[in-house]
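As provided, final_2.cif (mmCIF, C-alpha atoms and all ligand atoms) reads as follows.
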data_final
#
loop_
_atom_site.label_atom_id
_atom_site.label_comp_id
_atom_site.auth_asym_id
_atom_site.auth_seq_id
_atom_site.Cartn_x
_atom_site.Cartn_y
_atom_site.Cartn_z
CA MET A 1061 100.95 137.31 91.64
CA LYS A 1062 97.22 136.72 91.93
CA LYS A 1063 96.06 135.17 95.17
CA ILE A 1064 94.08 131.97 94.72
CA ILE A 1065 91.69 130.10 96.97
CA GLU A 1066 91.75 126.33 96.49
CA LEU A 1067 88.91 124.13 97.69
CA SER A 1068 90.16 120.98 99.42
CA VAL A 1069 88.35 117.87 98.18
CA LEU A 1070 88.43 116.51 101.72
CA ALA A 1071 85.31 118.58 102.38
CA LEU A 1072 83.40 116.54 99.78
CA ASP A 1073 81.91 113.06 100.26
CA GLN A 1074 84.41 110.56 98.89
CA GLU A 1075 82.42 107.56 100.13
CA ASN A 1076 79.54 108.30 97.80
CA GLU A 1077 80.41 109.11 94.22
CA LYS A 1078 76.96 110.40 93.32
CA ARG A 1079 76.94 112.71 96.30
CA PHE A 1080 80.51 113.84 95.57
CA LYS A 1081 79.48 114.85 92.06
CA GLU A 1082 76.37 116.68 93.28
CA GLN A 1083 78.42 118.56 95.85
CA PHE A 1084 81.01 119.47 93.27
CA GLU A 1085 78.39 120.63 90.74
CA ASN A 1086 77.18 123.01 93.40
CA CYS A 1087 80.73 124.36 93.85
CA LEU A 1088 80.90 124.91 90.09
CA LYS A 1089 77.83 127.13 90.32
CA TYR A 1090 79.94 129.44 92.46
CA ASN A 1091 82.73 129.24 89.90
CA ILE A 1092 85.07 127.30 92.17
CA LYS A 1093 87.59 125.70 89.84
CA ASP A 1094 90.85 125.68 91.77
CA ILE A 1095 90.89 122.36 93.54
CA HIS A 1096 93.29 120.99 96.14
CA TYR A 1097 93.36 117.21 95.79
CA ASP A 1098 94.46 115.55 99.06
CA VAL A 1099 95.79 112.01 98.77
CA MET A 1100 96.38 110.09 102.01
CA ASP A 1101 97.61 106.51 102.25
CA ASN A 1102 96.94 105.63 105.91
CA GLU A 1103 100.69 105.17 106.31
CA PHE A 1104 102.31 108.59 106.14
CA VAL A 1105 99.23 109.91 107.95
CA PRO A 1106 96.66 107.93 109.98
CA ASN A 1107 93.88 108.41 107.45
CA LYS A 1108 93.01 107.44 103.90
CA SER A 1109 91.70 109.74 101.18
CA PHE A 1110 91.25 109.99 97.43
CA MET A 1111 93.58 107.15 96.47
CA ASN A 1112 90.94 106.39 93.89
CA LEU A 1113 92.14 108.59 91.07
CA GLU A 1114 88.81 108.37 89.24
CA PHE A 1115 87.74 111.40 91.24
CA LEU A 1116 90.79 113.18 89.89
CA ASP A 1117 89.85 112.27 86.31
CA TYR A 1118 86.34 113.58 86.92
CA LEU A 1119 87.61 116.95 88.19
CA ILE A 1120 90.04 117.26 85.28
CA ASP A 1121 87.19 116.58 82.86
CA LYS A 1122 85.27 119.40 84.50
CA GLY A 1123 88.11 121.79 83.62
CA CYS A 1124 89.47 122.31 87.14
CA ASN A 1125 92.95 123.59 87.94
CA ILE A 1126 94.27 120.85 90.15
CA SER A 1127 96.89 121.05 92.83
CA VAL A 1128 97.73 117.62 94.24
CA HIS A 1129 98.91 117.33 97.86
CA LEU A 1130 100.43 113.91 98.49
CA MET A 1131 100.43 112.75 102.10
CA VAL A 1132 101.86 109.34 101.30
CA ALA A 1133 104.90 107.25 102.23
CA ASP A 1134 105.55 105.86 98.75
CA VAL A 1135 105.81 109.19 96.93
CA GLU A 1136 107.21 107.79 93.68
CA LYS A 1137 104.36 105.34 93.22
CA PHE A 1138 101.74 108.09 93.33
CA VAL A 1139 103.77 110.65 91.40
CA LYS A 1140 104.21 108.20 88.53
CA GLN A 1141 100.45 107.74 88.23
CA ILE A 1142 99.57 111.41 88.63
CA VAL A 1143 102.06 112.90 86.14
CA THR A 1144 100.13 111.17 83.37
CA LYS A 1145 97.15 113.41 84.20
CA LYS A 1146 96.46 117.06 83.45
CA VAL A 1147 97.24 118.53 86.86
CA LYS A 1148 99.03 121.85 87.46
CA TYR A 1149 100.96 121.21 90.66
CA ILE A 1150 102.13 118.26 92.74
CA THR A 1151 103.55 118.67 96.23
CA PHE A 1152 104.69 115.79 98.45
CA HIS A 1153 105.98 115.68 102.01
CA CYS A 1154 109.72 116.23 102.35
CA GLU A 1155 109.57 114.15 105.56
CA ALA A 1156 108.60 111.07 103.53
CA GLU A 1157 111.82 110.79 101.48
CA LYS A 1158 115.58 111.26 101.65
CA ILE A 1159 116.66 114.65 100.29
CA GLU A 1160 118.45 113.24 97.24
CA LYS A 1161 115.37 111.25 96.30
CA SER A 1162 113.11 114.30 96.74
CA ILE A 1163 115.35 116.32 94.42
CA GLU A 1164 115.03 113.57 91.81
CA ILE A 1165 111.24 113.48 92.22
CA ILE A 1166 110.84 117.26 91.82
CA LYS A 1167 112.95 117.12 88.64
CA TYR A 1168 110.85 114.24 87.35
CA ILE A 1169 107.57 116.09 88.00
CA ARG A 1170 108.94 119.12 86.14
CA SER A 1171 110.09 117.02 83.21
CA LYS A 1172 106.40 116.19 82.69
CA GLY A 1173 105.42 119.85 82.44
CA ILE A 1174 103.94 120.00 85.96
CA LYS A 1175 105.10 122.33 88.71
CA GLY A 1176 106.51 120.40 91.67
CA GLY A 1177 107.62 120.95 95.21
CA ILE A 1178 107.45 119.92 98.82
CA ALA A 1179 104.87 120.04 101.58
CA ILE A 1180 106.12 120.72 105.13
CA LYS A 1181 104.61 119.66 108.45
CA PRO A 1182 104.21 122.26 111.22
CA SER A 1183 107.11 121.02 113.36
CA THR A 1184 109.65 120.09 110.69
CA ASN A 1185 113.00 121.86 111.02
CA LEU A 1186 113.25 124.20 108.04
CA ASN A 1187 117.05 124.26 108.13
CA ASP A 1188 117.13 120.59 107.18
CA TYR A 1189 115.25 121.27 103.96
CA LYS A 1190 116.76 124.54 102.70
CA GLU A 1191 117.83 123.02 99.39
CA LEU A 1192 114.37 121.60 98.68
CA ILE A 1193 112.68 124.85 99.70
CA LYS A 1194 114.88 126.71 97.23
CA MET A 1195 114.25 124.38 94.33
CA SER A 1196 110.46 123.97 94.76
CA ASP A 1197 108.06 125.67 92.33
CA LYS A 1198 105.36 125.47 94.97
CA ILE A 1199 105.49 124.72 98.71
CA THR A 1200 102.54 123.50 100.78
CA ILE A 1201 102.99 124.88 104.28
CA MET A 1202 100.90 122.96 106.79
CA SER A 1203 99.14 125.02 109.43
CA VAL A 1204 97.73 121.82 111.02
CA GLU A 1205 99.16 118.31 111.38
CA PRO A 1206 98.37 116.65 108.05
CA GLY A 1207 95.72 113.93 108.07
CA PHE A 1208 92.32 115.46 108.73
CA GLY A 1209 90.15 118.31 107.57
CA GLY A 1210 88.35 120.60 110.02
CA GLN A 1211 91.25 121.17 112.43
CA LYS A 1212 92.17 124.46 114.07
CA TYR A 1213 94.90 126.68 112.55
CA ILE A 1214 98.09 126.36 114.62
CA ASP A 1215 98.82 129.79 116.11
CA GLY A 1216 101.96 131.36 114.73
CA SER A 1217 101.96 129.43 111.44
CA GLU A 1218 102.26 132.79 109.71
CA ILE A 1219 105.70 133.27 111.31
CA ARG A 1220 106.80 130.04 109.66
CA VAL A 1221 105.40 131.25 106.36
CA ASN A 1222 107.54 134.39 106.60
CA LYS A 1223 110.65 132.30 107.36
CA ILE A 1224 110.00 130.06 104.36
CA ARG A 1225 109.53 133.13 102.15
CA GLU A 1226 113.02 134.25 103.18
CA LEU A 1227 114.45 130.88 102.16
CA CYS A 1228 112.83 130.70 98.70
CA TYR A 1229 112.54 132.86 95.60
CA ASN A 1230 110.03 135.70 95.27
CA ASP A 1231 108.15 133.84 92.58
CA THR A 1232 107.92 130.52 94.44
CA ILE A 1233 104.26 129.77 95.06
CA LEU A 1234 103.58 129.43 98.77
CA GLU A 1235 100.43 127.65 99.80
CA ILE A 1236 98.97 127.53 103.32
CA ASP A 1237 96.94 124.46 104.24
CA GLY A 1238 94.89 123.70 107.35
CA GLY A 1239 92.34 125.62 109.40
CA ILE A 1240 92.11 128.45 106.88
CA ASN A 1241 89.05 130.68 107.17
CA ASP A 1242 88.14 134.35 106.63
CA LYS A 1243 90.22 135.34 109.68
CA THR A 1244 93.27 133.07 109.55
CA MET A 1245 93.79 133.76 105.85
CA LEU A 1246 94.46 137.39 106.69
CA LEU A 1247 97.26 136.51 109.12
CA CYS A 1248 99.47 135.16 106.38
CA LYS A 1249 98.11 137.19 103.49
CA ASN A 1250 101.35 138.94 102.52
CA ASN A 1251 103.53 135.96 101.79
CA ILE A 1252 100.96 133.39 100.67
CA ASN A 1253 99.80 132.91 97.07
CA HIS A 1254 97.44 129.94 97.40
CA PHE A 1255 95.04 129.50 100.34
CA VAL A 1256 93.63 126.00 100.82
CA THR A 1257 90.28 125.77 102.50
CA GLY A 1258 88.14 122.72 103.00
CA SER A 1259 85.52 122.94 105.73
CA PHE A 1260 85.25 126.73 105.90
CA LEU A 1261 84.66 127.31 102.21
CA PHE A 1262 82.39 124.29 101.84
CA ASN A 1263 80.18 125.55 104.68
CA ASN A 1264 80.26 129.18 103.50
CA ILE A 1265 80.25 128.70 99.77
CA GLU A 1266 78.26 131.86 99.14
CA LYS A 1267 81.20 133.84 100.59
CA PHE A 1268 83.60 132.72 97.85
CA GLU A 1269 83.52 135.97 95.85
CA GLU A 1270 83.83 138.03 99.00
CA LEU A 1271 86.87 136.02 100.15
CA LYS A 1272 88.57 136.53 96.79
CA LYS A 1273 87.98 140.26 97.08
CA ILE A 1274 89.48 140.37 100.56
CA LEU A 1275 92.64 138.76 99.24
CA ASN A 1276 93.13 140.55 95.93
C1 LIG B 1 94.78 118.20 105.89
C2 LIG B 1 94.67 118.50 104.42
C3 LIG B 1 94.00 119.80 104.15
C4 LIG B 1 92.62 119.88 104.72
C5 LIG B 1 92.14 121.28 104.82
O1 LIG B 1 95.68 117.20 106.13
O2 LIG B 1 95.93 118.55 103.80
O3 LIG B 1 94.03 120.10 102.78
O4 LIG B 1 91.70 119.16 103.97
O5 LIG B 1 90.87 121.28 105.39
P1 LIG B 1 90.39 122.39 106.40
O6 LIG B 1 90.33 123.68 105.62
O7 LIG B 1 89.07 121.92 106.85
O8 LIG B 1 91.42 122.48 107.49
ZN ZN B 2 96.06 119.44 101.77
#

For this file, produce the structure as structure tokens.
Amino acid sequence: MKKIIELSVLALDQENEKRFKEQFENCLKYNIKDIHYDVMDNEFVPNKSFMNLEFLDYLIDKGCNISVHLMVADVEKFVKQIVTKKVKYITFHCEAEKIEKSIEIIKYIRSKGIKGGIAIKPSTNLNDYKELIKMSDKITIMSVEPGFGGQKYIDGSEIRVNKIRELCYNDTILEIDGGINDKTMLLCKNNINHFVTGSFLFNNIEKFEELKKILN
């Protein structure tokens, strides 16, 4: 499976639409088209981001491959809006819902032709979510506490990645999210398919090709 680097939109300026578009146009010059769209509701996490889905429409229009990461308490509400759009993946936090409900939501996402799965916080007990780990098409493994960009990679997150790989199928897409840079991405290289990077890639955009080469 090809290893993919996704740019987190959190690195872009969501307060200023014009600026956001300029920043994104610059990313396009470097051929960055795999985008990680972080939605935060200020309830599941103490921060708000990209609840305005117009940004999502803009990125879809630009031909991006979008992976949505929902950090929200009311998962269903957001999923219902987002499945109407041309996104590739939706992951939501397993901690936000009861297991039965999460199973239903993953099935619903899939019924719309989108790959679905869970996102997992750094301290969540994996044994509690074995069933969801097994049924996910894609899993977002947090290597920081969700809520803010620019945090430091939690040491040992790669051990968790290896454990999750043992609990899922070989073709399940595993994504690592938080504090990923040219060094931390190598720690979990073997078992990760998608590497999310916000601040590092945005500040070192000219290194994009080089990073892809390191991984593939
Ligand atoms: C954090 C978000 C991440 C974050 C990554 O809660 O889910 O996607 O934006 O940003 P960096 O790479 O700066 O840690
Ligand atoms: Zn994210």

May I ask you to write as number ranges by chain all residues lying at most 6 Å from ligand LIG 1 (chain B), with only C-alpha atoms and all ligand atoms counted? A: 1068, 1070, 1098, 1206-1211, 1237-1240, 1257-1260

Could you tell me, as a ChimeraX atom specification, which residues have any atom at most 7 Å from (99.3, 123.1, 91.8), counting only C-alpha atoms? /A:1126-1128,1148-1150,1175

Could you jot down the atom CA of A:Asp1188 to atom CA of A:Ile1065 separation for me, Å, one decimal place?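 Atom CA of A:Ile1065 lies 29.0 Å from atom CA of A:Asp1188.
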
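Applying the 9 Å criterion to (84.4, 110.0, 92.8) in file coordinates and using all atoms listed in the file, one obtains the residues Asp1073, Gln1074, Glu1075, Asn1076, Glu1077, Lys1078, Arg1079, Phe1080, Lys1081, Phe1110, Asn1112, Leu1113, Glu1114, Phe1115, Leu1116, Asp1117, Tyr1118 and Leu1119 of chain A.
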
I'd like the box whose edges run along x, y and z of the file and which contains every listed atom of stretch 1157-1176 of chain A, padded by 6 Å per side; could you state its centre and edge lengths in Å, one decimal, as AutoDock Vina command-line options?
--center_x 111.2 --center_y 116.6 --center_z 92.0 --size_x 26.5 --size_y 23.5 --size_z 31.2

Spatial neighbours of A:Met1100, 10 Å, only C-alpha atoms, chain gap at least 6 places, as number ranges by chain: A: 1106-1111, 1129-1133, 1206-1208

Judged by only C-alpha atoms, the minimum distance to A:Lys1243 among A:Tyr1213, A:Tyr1090, A:Phe1104, A:Tyr1168 is found for A:Tyr1213

Check the smallest atom-to-atom distance from each of A:Ala1156, A:Met1202, A:Leu1186, A:Leu1275 to ligand ZN 2 (chain B) using only C-alpha atoms and all ligand atoms, then report the winner. A:Met1202
